[in-house]
>>> print(open('upload00.csv').read())   # CSV, C-alpha atoms
chain,number,residue,atom,x,y,z
A,1330,MET,CA,-1.1,103.4,29.6
A,1331,LEU,CA,1.0,102.8,32.7
A,1332,LEU,CA,-0.4,104.9,35.6
A,1333,VAL,CA,2.0,104.8,38.5
A,1334,PRO,CA,1.4,106.5,41.8
A,1335,ALA,CA,4.4,108.5,43.1
A,1336,GLY,CA,6.5,106.4,45.4
A,1337,CYS,CA,4.9,103.1,44.4
A,1338,ALA,CA,6.3,102.3,41.0
A,1339,PRO,CA,5.8,98.6,40.2
A,1340,GLY,CA,8.9,98.4,38.2
A,1341,ASP,CA,8.6,96.2,35.1
A,1342,ARG,CA,5.1,94.9,36.0
A,1343,THR,CA,2.4,95.1,33.4
A,1344,ALA,CA,-0.1,97.8,34.2
A,1345,PRO,CA,-3.5,96.6,35.3
A,1346,ALA,CA,-6.7,97.3,33.4
A,1347,THR,CA,-7.3,101.1,33.2
A,1348,ALA,CA,-11.0,100.9,33.5
A,1349,VAL,CA,-13.3,102.2,36.1
A,1350,ALA,CA,-15.4,99.4,37.6
A,1351,ALA,CA,-18.6,101.3,36.7
A,1352,ASP,CA,-18.6,104.8,35.5
A,1353,ALA,CA,-21.2,107.4,36.4
A,1354,SER,CA,-23.2,106.8,33.2
A,1355,SER,CA,-23.5,103.1,33.9
A,1356,THR,CA,-24.1,103.2,37.6
A,1357,PRO,CA,-27.7,103.7,38.6
A,1358,SER,CA,-28.6,106.0,41.4
A,1359,PRO,CA,-28.9,104.3,44.8
A,1360,ALA,CA,-32.7,104.8,44.8
A,1361,ALA,CA,-33.1,103.3,41.3
A,1362,ALA,CA,-30.6,100.5,41.7
A,1363,VAL,CA,-32.5,98.2,43.9
A,1364,SER,CA,-35.8,96.6,43.0
A,1365,ALA,CA,-38.4,96.1,45.8
A,1366,SER,CA,-37.6,92.4,45.9
A,1367,LEU,CA,-34.0,92.8,47.0
A,1368,PRO,CA,-32.5,90.6,48.4
A,1369,ALA,CA,-34.8,88.0,46.8
A,1370,THR,CA,-33.7,84.4,46.5
A,1371,SER,CA,-32.9,83.9,42.8
A,1372,ALA,CA,-34.1,80.9,40.9
A,1373,ALA,CA,-31.6,78.7,39.2
A,1374,VAL,CA,-30.1,80.4,36.2
A,1375,GLU,CA,-28.5,78.4,33.5
A,1376,ALA,CA,-26.1,81.0,32.2
A,1377,THR,CA,-24.0,79.3,29.5
A,1378,THR,CA,-20.4,80.4,29.3
A,1379,GLY,CA,-19.5,78.4,26.2
A,1380,GLY,CA,-20.9,76.6,23.2
A,1381,LYS,CA,-23.1,78.1,20.6
A,1382,THR,CA,-25.9,80.6,20.9
A,1383,SER,CA,-28.6,81.5,18.4
A,1384,ARG,CA,-26.4,84.0,16.6
A,1385,THR,CA,-22.9,83.3,15.3
A,1386,PRO,CA,-21.0,86.4,16.5
A,1387,LYS,CA,-21.3,86.7,20.3
A,1388,ILE,CA,-21.4,90.4,21.0
A,1389,ALA,CA,-20.7,91.8,24.4
A,1390,SER,CA,-20.7,95.2,26.2
A,1391,TRP,CA,-18.2,95.8,29.0
A,1392,LEU,CA,-19.2,98.3,31.7
A,1393,ALA,CA,-22.2,98.9,29.5
A,1394,LYS,CA,-24.2,102.1,29.4
A,1395,VAL,CA,-27.3,100.2,30.1
A,1396,ASP,CA,-29.9,102.7,28.9
A,1397,GLU,CA,-28.0,103.0,25.6
A,1398,ILE,CA,-27.9,99.3,25.2
A,1399,ILE,CA,-31.6,99.0,25.8
A,1400,ALA,CA,-32.4,101.9,23.4
A,1401,SER,CA,-30.4,100.4,20.6
A,1402,GLN,CA,-32.8,97.4,20.6
A,1403,LYS,CA,-29.8,95.2,19.5
A,1404,PRO,CA,-29.5,91.5,20.5
A,1405,TYR,CA,-26.5,91.6,22.7
A,1406,ASP,CA,-25.3,88.2,23.9
A,1407,LEU,CA,-23.4,89.4,27.0
A,1408,VAL,CA,-24.0,92.7,28.9
A,1409,MET,CA,-21.8,93.6,31.9
A,1410,SER,CA,-22.2,96.6,34.2
A,1411,GLY,CA,-22.4,97.6,37.8
A,1412,TRP,CA,-26.1,96.7,38.3
A,1413,PHE,CA,-29.3,95.9,36.4
A,1414,THR,CA,-32.8,96.4,37.6
A,1415,ALA,CA,-35.2,93.6,36.8
A,1416,GLU,CA,-36.9,95.8,34.2
A,1417,GLN,CA,-33.6,96.6,32.5
A,1418,ALA,CA,-32.7,92.9,32.3
A,1419,ALA,CA,-36.1,92.0,30.9
A,1420,GLN,CA,-35.7,94.7,28.2
A,1421,ILE,CA,-32.2,93.3,27.2
A,1422,LYS,CA,-33.5,89.8,27.1
A,1423,LYS,CA,-36.5,90.9,25.0
A,1424,GLN,CA,-34.0,91.5,22.2
A,1425,ASN,CA,-32.1,88.2,22.9
A,1426,PRO,CA,-33.6,85.7,25.4
A,1427,ASP,CA,-30.3,84.0,25.7
A,1428,ALA,CA,-28.4,87.2,26.7
A,1429,ILE,CA,-26.2,86.8,29.8
A,1430,ILE,CA,-26.3,89.6,32.3
A,1431,LEU,CA,-23.4,90.1,34.7
A,1432,ALA,CA,-23.1,92.7,37.4
A,1433,GLY,CA,-20.3,93.9,39.7
A,1434,ILE,CA,-17.5,96.3,40.4
A,1435,SER,CA,-14.1,95.6,42.0
A,1436,VAL,CA,-13.1,93.8,45.2
A,1437,ASN,CA,-10.1,96.0,46.1
A,1438,TRP,CA,-10.4,99.4,44.4
A,1439,VAL,CA,-12.9,102.3,44.8
A,1440,TRP,CA,-13.6,105.2,42.5
A,1441,ASP,CA,-13.7,108.5,44.5
A,1442,ASN,CA,-16.8,109.6,42.8
A,1443,GLN,CA,-19.8,110.6,44.9
A,1444,ASP,CA,-22.4,108.7,43.0
A,1445,TRP,CA,-20.3,105.6,42.7
A,1446,MET,CA,-19.5,105.5,46.4
A,1447,ALA,CA,-23.1,106.0,47.3
A,1448,PHE,CA,-24.1,103.1,45.0
A,1449,LEU,CA,-21.5,100.8,46.5
A,1450,THR,CA,-22.5,101.5,50.1
A,1451,TYR,CA,-26.3,101.5,49.3
A,1452,ILE,CA,-26.2,98.0,47.7
A,1453,ALA,CA,-23.8,96.6,50.3
A,1454,SER,CA,-26.0,98.0,53.2
A,1455,TYR,CA,-29.4,96.7,52.0
A,1456,GLY,CA,-31.0,94.6,54.7
A,1457,ARG,CA,-28.7,95.9,57.4
A,1458,GLU,CA,-29.8,97.9,60.5
A,1459,VAL,CA,-26.5,99.8,60.5
A,1460,PRO,CA,-25.4,100.8,57.0
A,1461,PHE,CA,-21.9,100.4,55.8
A,1462,THR,CA,-19.6,103.5,55.5
A,1463,VAL,CA,-16.2,103.6,53.8
A,1464,LYS,CA,-13.7,104.4,56.5
A,1465,GLU,CA,-10.2,105.7,56.2
A,1466,ASP,CA,-8.7,102.6,57.7
A,1467,MET,CA,-10.2,100.5,54.9
A,1468,TYR,CA,-7.9,102.2,52.4
A,1469,LEU,CA,-4.4,100.9,51.6
A,1470,HIS,CA,-1.9,103.5,52.7
A,1471,GLN,CA,1.7,104.2,51.8
A,1472,PRO,CA,4.3,104.4,54.5
A,1473,ASP,CA,3.8,108.2,54.7
A,1474,GLY,CA,0.1,107.6,55.5
A,1475,SER,CA,-1.3,108.7,52.1
A,1476,ARG,CA,-3.7,106.6,50.2
A,1477,VAL,CA,-2.4,104.3,47.4
A,1478,ALA,CA,-3.7,105.9,44.2
A,1479,PHE,CA,-4.0,104.3,40.9
A,1480,GLY,CA,-3.3,107.5,38.9
A,1481,TRP,CA,-6.8,107.8,37.3
A,1482,ALA,CA,-7.6,111.4,38.3
A,1483,SER,CA,-7.8,113.6,35.3
A,1484,GLY,CA,-9.0,117.2,34.8
A,1485,GLU,CA,-9.2,116.6,31.1
A,1486,TRP,CA,-11.5,113.6,31.4
A,1487,GLY,CA,-13.3,114.8,34.6
A,1488,HIS,CA,-12.4,111.7,36.4
A,1489,GLU,CA,-11.7,111.4,40.1
A,1490,GLU,CA,-9.0,109.2,41.6
A,1491,ILE,CA,-9.2,105.4,42.0
A,1492,TYR,CA,-7.8,104.2,45.4
A,1493,ALA,CA,-6.7,100.8,46.5
A,1494,MET,CA,-8.4,99.2,49.4
A,1495,ASP,CA,-6.6,97.1,52.0
A,1496,PRO,CA,-7.8,93.5,51.2
A,1497,ARG,CA,-6.7,92.4,54.7
A,1498,ASN,CA,-9.0,94.9,56.4
A,1499,PRO,CA,-12.0,92.9,57.8
A,1500,ASP,CA,-14.4,95.9,57.6
A,1501,TRP,CA,-13.6,96.3,54.0
A,1502,VAL,CA,-13.9,92.6,53.3
A,1503,ASN,CA,-17.3,92.6,55.0
A,1504,LEU,CA,-18.5,95.6,52.9
A,1505,ILE,CA,-17.4,94.3,49.6
A,1506,THR,CA,-18.7,90.7,50.2
A,1507,ALA,CA,-22.0,92.1,51.3
A,1508,PHE,CA,-22.2,94.0,48.0
A,1509,TYR,CA,-21.6,90.9,46.0
A,1510,LYS,CA,-24.0,88.9,48.1
A,1511,ASN,CA,-26.8,91.3,47.2
A,1512,VAL,CA,-25.7,91.3,43.5
A,1513,LEU,CA,-25.8,87.5,43.4
A,1514,GLY,CA,-29.1,87.4,45.2
A,1515,GLN,CA,-30.9,89.1,42.4
A,1516,PRO,CA,-32.5,86.8,39.8
A,1517,GLN,CA,-32.0,89.3,37.0
A,1518,HIS,CA,-28.2,88.9,37.4
A,1519,ASP,CA,-26.9,85.8,35.7
A,1520,GLY,CA,-23.5,86.2,37.2
A,1521,ILE,CA,-20.9,88.6,38.4
A,1522,ILE,CA,-17.9,90.6,37.1
A,1523,VAL,CA,-14.8,91.8,39.0
A,1524,ASP,CA,-12.9,94.7,37.5
A,1525,MET,CA,-9.3,95.6,38.0
A,1526,VAL,CA,-7.9,92.3,39.1
A,1527,LEU,CA,-4.2,92.2,40.0
A,1528,GLU,CA,-1.9,89.4,41.0
A,1529,VAL,CA,0.8,91.9,42.1
A,1530,SER,CA,0.8,94.7,44.6
A,1531,TRP,CA,0.3,98.1,43.0
A,1532,CYS,CA,2.4,99.5,45.9
A,1533,PRO,CA,4.9,97.0,47.4
A,1534,ALA,CA,5.8,99.6,50.0
A,1535,ALA,CA,2.3,99.2,51.4
A,1536,ILE,CA,1.7,95.5,50.9
A,1537,SER,CA,3.8,92.7,49.4
A,1538,ASP,CA,2.8,90.8,46.3
A,1539,GLU,CA,2.4,87.7,48.4
A,1540,ALA,CA,0.1,89.4,50.9
A,1541,TRP,CA,-1.9,91.1,48.2
A,1542,VAL,CA,-2.5,87.8,46.4
A,1543,ALA,CA,-3.3,85.9,49.6
A,1544,ALA,CA,-5.8,88.5,50.8
A,1545,THR,CA,-7.5,88.9,47.4
A,1546,GLY,CA,-7.7,85.2,47.0
A,1547,ALA,CA,-9.4,85.0,50.4
A,1548,ILE,CA,-12.0,87.5,49.2
A,1549,PHE,CA,-12.6,85.5,46.0
A,1550,ARG,CA,-13.1,82.3,48.1
A,1551,GLN,CA,-15.8,84.1,50.0
A,1552,LEU,CA,-17.5,85.2,46.8
A,1553,ILE,CA,-17.4,81.5,45.6
A,1554,ALA,CA,-19.0,80.5,48.9
A,1555,LEU,CA,-21.8,83.1,48.4
A,1556,ASN,CA,-22.3,82.0,44.8
A,1557,THR,CA,-24.4,79.0,45.7
A,1558,GLU,CA,-26.0,78.7,42.3
A,1559,ASN,CA,-22.7,78.6,40.5
A,1560,LYS,CA,-23.4,81.7,38.4
A,1561,PRO,CA,-20.6,82.6,36.0
A,1562,VAL,CA,-17.8,84.8,37.2
A,1563,VAL,CA,-15.8,87.0,34.8
A,1564,PHE,CA,-12.7,88.9,35.8
A,1565,ASN,CA,-11.1,91.8,33.9
A,1566,ALA,CA,-7.6,90.4,33.3
A,1567,GLY,CA,-6.2,93.6,31.8
A,1568,ARG,CA,-3.7,92.5,29.1
A,1569,ASP,CA,-4.3,88.7,29.3
A,1570,LEU,CA,-4.8,85.7,31.5
A,1571,ASN,CA,-1.1,85.5,32.4
A,1572,ASP,CA,-1.7,88.7,34.4
A,1573,ILE,CA,-4.2,87.0,36.8
A,1574,ASP,CA,-3.8,83.3,36.3
A,1575,VAL,CA,-3.1,82.8,40.0
A,1576,TYR,CA,-6.8,83.3,40.4
A,1577,ARG,CA,-8.0,81.1,37.6
A,1578,ASP,CA,-9.8,78.7,40.0
A,1579,TYR,CA,-12.2,81.5,41.0
A,1580,MET,CA,-13.4,82.5,37.5
A,1581,ASP,CA,-15.3,81.1,34.5
A,1582,GLY,CA,-14.0,83.7,32.1
A,1583,TYR,CA,-11.9,86.8,31.6
A,1584,LEU,CA,-11.8,90.0,29.6
A,1585,MET,CA,-8.8,91.2,27.6
A,1586,GLU,CA,-9.1,95.0,28.0
A,1587,ASN,CA,-7.8,97.4,25.3
A,1588,PHE,CA,-7.0,94.3,23.2
A,1589,MET,CA,-4.7,95.2,20.3
A,1590,GLY,CA,-4.5,98.7,21.8
A,1591,ALA,CA,-1.6,101.0,22.5
A,1592,GLN,CA,-2.2,101.0,26.3
A,1593,LEU,CA,-1.9,97.4,27.3
A,1594,LYS,CA,-0.3,96.2,24.1
A,1595,ALA,CA,-1.7,92.7,23.7
A,1596,ALA,CA,-1.2,91.7,20.1
A,1597,PHE,CA,-3.3,89.5,17.8
A,1598,ASP,CA,-1.1,86.5,18.5
A,1599,ASP,CA,-1.7,86.9,22.2
A,1600,GLY,CA,-5.4,86.8,21.6
A,1601,LEU,CA,-5.2,83.8,19.2
A,1602,GLN,CA,-3.5,81.8,21.9
A,1603,ALA,CA,-5.9,82.9,24.7
A,1604,PRO,CA,-8.8,80.4,24.6
A,1605,GLY,CA,-6.8,77.3,25.2
A,1606,ASP,CA,-9.2,75.8,27.8
A,1607,ASP,CA,-12.8,76.0,29.0
A,1608,LEU,CA,-12.6,79.6,30.2
A,1609,MET,CA,-14.8,82.2,28.4
A,1610,VAL,CA,-12.7,85.0,26.7
A,1611,ILE,CA,-14.0,88.5,25.9
A,1612,TYR,CA,-11.9,90.4,23.4
A,1613,ALA,CA,-12.4,94.1,24.3
A,1614,VAL,CA,-11.1,96.1,21.3
A,1615,ASP,CA,-11.5,99.9,21.5
A,1616,THR,CA,-10.4,103.2,20.0
A,1617,ASP,CA,-7.7,103.8,22.5
A,1618,ASP,CA,-9.7,106.6,24.0
A,1619,THR,CA,-9.7,108.6,20.8
A,1620,GLY,CA,-13.2,108.0,19.5
A,1621,ILE,CA,-11.8,107.3,16.0
A,1622,GLN,CA,-13.2,104.0,14.9
A,1623,ASP,CA,-10.6,101.8,13.2
A,1624,LEU,CA,-13.0,99.4,11.4
A,1625,ASN,CA,-10.2,97.2,10.2
A,1626,LYS,CA,-9.1,96.6,13.8
A,1627,MET,CA,-12.7,96.1,14.8
A,1628,ARG,CA,-13.2,93.5,12.2
A,1629,LEU,CA,-9.9,91.7,13.0
A,1630,GLY,CA,-11.0,91.4,16.6
A,1631,LEU,CA,-14.5,90.3,15.7
A,1632,VAL,CA,-13.2,87.6,13.3
A,1633,LEU,CA,-10.7,86.4,15.9
A,1634,SER,CA,-13.6,85.9,18.4
A,1635,LEU,CA,-15.3,83.7,15.7
A,1636,MET,CA,-12.3,81.4,15.6
A,1637,TYR,CA,-13.5,80.0,18.9
A,1638,ASP,CA,-16.8,78.9,20.4
A,1639,ASN,CA,-16.2,80.3,23.8
A,1640,ALA,CA,-15.2,83.8,22.8
A,1641,TYR,CA,-17.1,87.1,22.9
A,1642,PHE,CA,-16.3,90.5,21.3
A,1643,THR,CA,-16.9,94.1,22.2
A,1644,TYR,CA,-15.8,97.4,20.6
A,1645,ASP,CA,-16.1,100.7,22.3
A,1646,PHE,CA,-14.4,104.1,23.0
A,1647,GLY,CA,-11.8,102.8,25.4
A,1648,PRO,CA,-10.8,102.5,29.1
A,1649,ARG,CA,-11.7,106.1,29.8
A,1650,ASP,CA,-15.3,105.6,28.6
A,1651,HIS,CA,-16.6,102.1,28.1
A,1652,GLY,CA,-20.0,100.7,27.1
A,1653,GLN,CA,-21.3,102.5,24.0
A,1654,ALA,CA,-24.0,100.8,22.1
A,1655,TRP,CA,-22.0,100.7,18.8
A,1656,TRP,CA,-23.3,98.2,16.4
A,1657,PHE,CA,-21.8,97.2,13.0
A,1658,PRO,CA,-23.3,95.2,10.0
A,1659,GLU,CA,-20.9,92.4,10.6
A,1660,TYR,CA,-22.6,91.8,14.0
A,1661,ASP,CA,-25.8,90.6,12.3
A,1662,VAL,CA,-24.3,87.9,10.2
A,1663,GLU,CA,-25.5,84.3,10.6
A,1664,LEU,CA,-22.8,81.8,9.6
A,1665,GLY,CA,-24.4,78.7,11.0
A,1666,ARG,CA,-22.4,76.1,12.8
A,1667,PRO,CA,-18.6,75.8,12.5
A,1668,LEU,CA,-17.4,72.9,10.3
A,1669,GLY,CA,-14.2,72.5,12.3
A,1670,ASP,CA,-11.5,74.4,14.0
A,1671,TYR,CA,-9.7,77.4,12.6
A,1672,TYR,CA,-6.6,76.8,10.4
A,1673,ARG,CA,-3.7,78.8,9.0
A,1674,GLN,CA,-3.2,79.1,5.3
A,1675,GLY,CA,-0.2,81.2,4.3
A,1676,ASP,CA,-0.2,84.4,6.4
A,1677,ALA,CA,-3.9,84.3,7.3
A,1678,TYR,CA,-6.3,82.4,9.6
A,1679,TYR,CA,-9.5,80.8,8.3
A,1680,ARG,CA,-12.5,79.1,9.8
A,1681,ASP,CA,-15.3,77.5,7.7
A,1682,PHE,CA,-19.0,77.5,8.7
A,1683,GLU,CA,-22.1,76.1,7.3
A,1684,LYS,CA,-22.9,79.3,5.5
A,1685,GLY,CA,-19.5,80.9,4.8
A,1686,THR,CA,-15.9,81.5,5.8
A,1687,ILE,CA,-14.1,84.0,8.0
A,1688,VAL,CA,-10.6,85.3,7.3
A,1689,ALA,CA,-8.2,87.1,9.6
A,1690,SER,CA,-5.1,88.7,8.1
A,1691,PRO,CA,-3.0,90.2,10.9
A,1692,TYR,CA,0.4,90.2,9.2
A,1693,THR,CA,0.1,91.2,5.5
A,1694,ASP,CA,-2.2,92.0,2.6
A,1695,ILE,CA,-3.7,88.8,1.1
A,1696,ALA,CA,-5.9,87.6,-1.7
A,1697,VAL,CA,-8.7,85.1,-0.8
A,1698,VAL,CA,-9.9,82.8,-3.6
A,1699,PHE,CA,-13.0,80.7,-3.5
A,1700,ASP,CA,-14.2,78.0,-5.9
A,1701,GLU,CA,-17.8,79.4,-5.7
A,1702,GLU,CA,-19.0,83.0,-5.5
A,1703,HIS,CA,-19.1,84.5,-2.0
A,1704,ALA,CA,-20.4,87.8,-0.7
A,1705,ASP,CA,-18.2,90.1,1.5
A,1706,ILE,CA,-20.4,91.2,4.3
A,1707,THR,CA,-18.4,94.4,4.7
A,1708,SER,CA,-18.3,95.7,1.1
A,1709,GLY,CA,-21.4,93.9,-0.2
A,1710,GLU,CA,-19.3,92.7,-3.2
A,1711,THR,CA,-19.9,89.2,-4.6
A,1712,ALA,CA,-17.0,87.5,-6.3
A,1713,LEU,CA,-14.6,84.6,-6.4
A,1714,THR,CA,-11.5,86.6,-5.3
A,1715,PHE,CA,-11.2,89.2,-2.6
A,1716,ASN,CA,-8.3,91.3,-1.3
A,1717,VAL,CA,-8.0,91.6,2.5
A,1718,SER,CA,-5.7,94.3,3.9
A,1719,LYS,CA,-3.1,93.8,6.6
A,1720,GLY,CA,-4.7,94.1,10.0
A,1721,ASP,CA,-8.3,93.4,8.7
A,1722,GLY,CA,-10.7,90.6,9.1
A,1723,ARG,CA,-13.6,89.7,6.7
A,1724,ILE,CA,-16.7,87.5,6.8
A,1725,PHE,CA,-17.7,85.9,3.5
A,1726,LEU,CA,-21.1,84.2,2.9
A,1727,ASP,CA,-21.6,81.5,0.3
A,1728,SER,CA,-23.8,83.0,-2.4
A,1729,ARG,CA,-25.3,79.8,-3.5
>>> encode(input="upload00.csv", output="structure tokens")
Amino acid sequence: MLLVPAGCAPGDRTAPATAVAADASSTPSPAAAVSASLPATSAAVEATTGGKTSRTPKIASWLAKVDEIIASQKPYDLVMSGWFTAEQAAQIKKQNPDAIILAGISVNWVWDNQDWMAFLTYIASYGREVPFTVKEDMYLHQPDGSRVAFGWASGEWGHEEIYAMDPRNPDWVNLITAFYKNVLGQPQHDGIIVDMVLEVSWCPAAISDEAWVAATGAIFRQLIALNTENKPVVFNAGRDLNDIDVYRDYMDGYLMENFMGAQLKAAFDDGLQAPGDDLMVIYAVDTDDTGIQDLNKMRLGLVLSLMYDNAYFTYDFGPRDHGQAWWFPEYDVELGRPLGDYYRQGDAYYRDFEKGTIVASPYTDIAVVFDEEHADITSGETALTFNVSKGDGRIFLDSR
């Protein structure tokens, strides 16, 4: 979904991620957001961004509805939202002690939502005698003086506009780095997220690509300097890493939003090629803002994430409303350790584990044949031969 503000068309450039950095349901009220210990000095946190965890699928929640995640009592591996209280983090880790909790918003966009703006300034201002306020000169302006808008405002969805901030403005830089300093200073936060990252200017008439990248990179360098404990940093790449690879030195992982969706149009093969190095990858598959769950696509994305050891998976409503606590039977499977890398056989991709085999069939219908009986986690069927439809993924456990 390419949202282009009038007078600032980015030409053939790929649209950035169409997510709000933290929606009203996932952003705590200012009074509830901060524990009494803020800004405490956090103890060392060994937040792992790769390798194996206690469960085989690594399930994430992007811009999580934190109360829903907690109420689900499910063992999420990676939960990302605007902020977590110490109590919320403890409740999440009660279900999975190895869960990674990341907090943050965006470094150069603001959502013109009253609660969201109050949250931003409250967190950034903690510990200051004079609180921050968002002033007009912090915004990025078009030549006619109007703000550079993302195009997010919608009466249908009840969403206010998202505006670009001027990354060169020192007052804005001081505000947003103060926000992240306080996020990083909380021991319940294992790391940070940055939403809506771009390596091109959304409005070249207001700021050139080169100036946008240089100023945004300077902000990221300040965040790295503040991150004295080397907590993991995850960016929302939008379509894929190529959209933000100029910033790769500032992150430990990235999210592919609306993966295999109609809005950003990243295909299965794009995702298959993504985890080529030590960066964590989060495949964020969704319903394209329809609410209609395509379980074949969900399973295909989940199985793709299992092809790698440094990949996570999430499935939710979509960019207009992230973070539901949806949980599927396939999430609970325990496959044991992988026996090797994934491999292609015919038109499908396979990976073998101690307790079973995963199969992704993105291109065509296939038949999977085993020498010993296996159980299909999805259907519950036990057999030697299974049919897998085009665009589906399946997890088979050895029945012995």
>>> residues_around(input="upload00.csv", residues="A:Glu1702", least_positions_apart="3", cutoff="12 Å", atoms="all atoms listed in the file", output="ChimeraX atom specification")
/A:1685-1686,1697-1699,1705,1710-1715,1725-1729
>>> closest_residue(input="upload00.csv", among="A:Gln1515, A:Ser1634, A:Ser1410, A:Asn1437", to="A:Ala1544", atoms="all atoms listed in the file")
A:Asn1437
>>> atom_distance(input="upload00.csv", atom1="atom CA of A:Tyr1468", atom2="atom CA of A:Ala1493")
6.2 Å
>>> residues_around(input="upload00.csv", residues="A:Leu1392", least_positions_apart="4", cutoff="6 Å", atoms="all atoms listed in the file", output="MDAnalysis selection string")
chainID A and resid 1351 1409:1410 1651:1652
>>> closest_residue(input="upload00.csv", among="A:Ala1654, A:Ala1554, A:Met1525, A:Leu1635", to="A:Tyr1492", atoms="all atoms listed in the file")
A:Met1525
>>> atom_distance(input="upload00.csv", atom1="atom CA of A:Ala1534", atom2="atom CA of A:Asp1473")
10.0 Å
>>> residues_around(input="upload00.csv", residues="A:Trp1501", least_positions_apart="2", cutoff="9 Å", atoms="all atoms listed in the file", output="list in words")
Asn1437, Val1463, Lys1464, Asp1466, Met1467, Tyr1468, Met1494, Asp1495, Pro1496, Arg1497, Asn1498, Pro1499, Asn1503, Leu1504, Ile1505 and Thr1506 of chain A
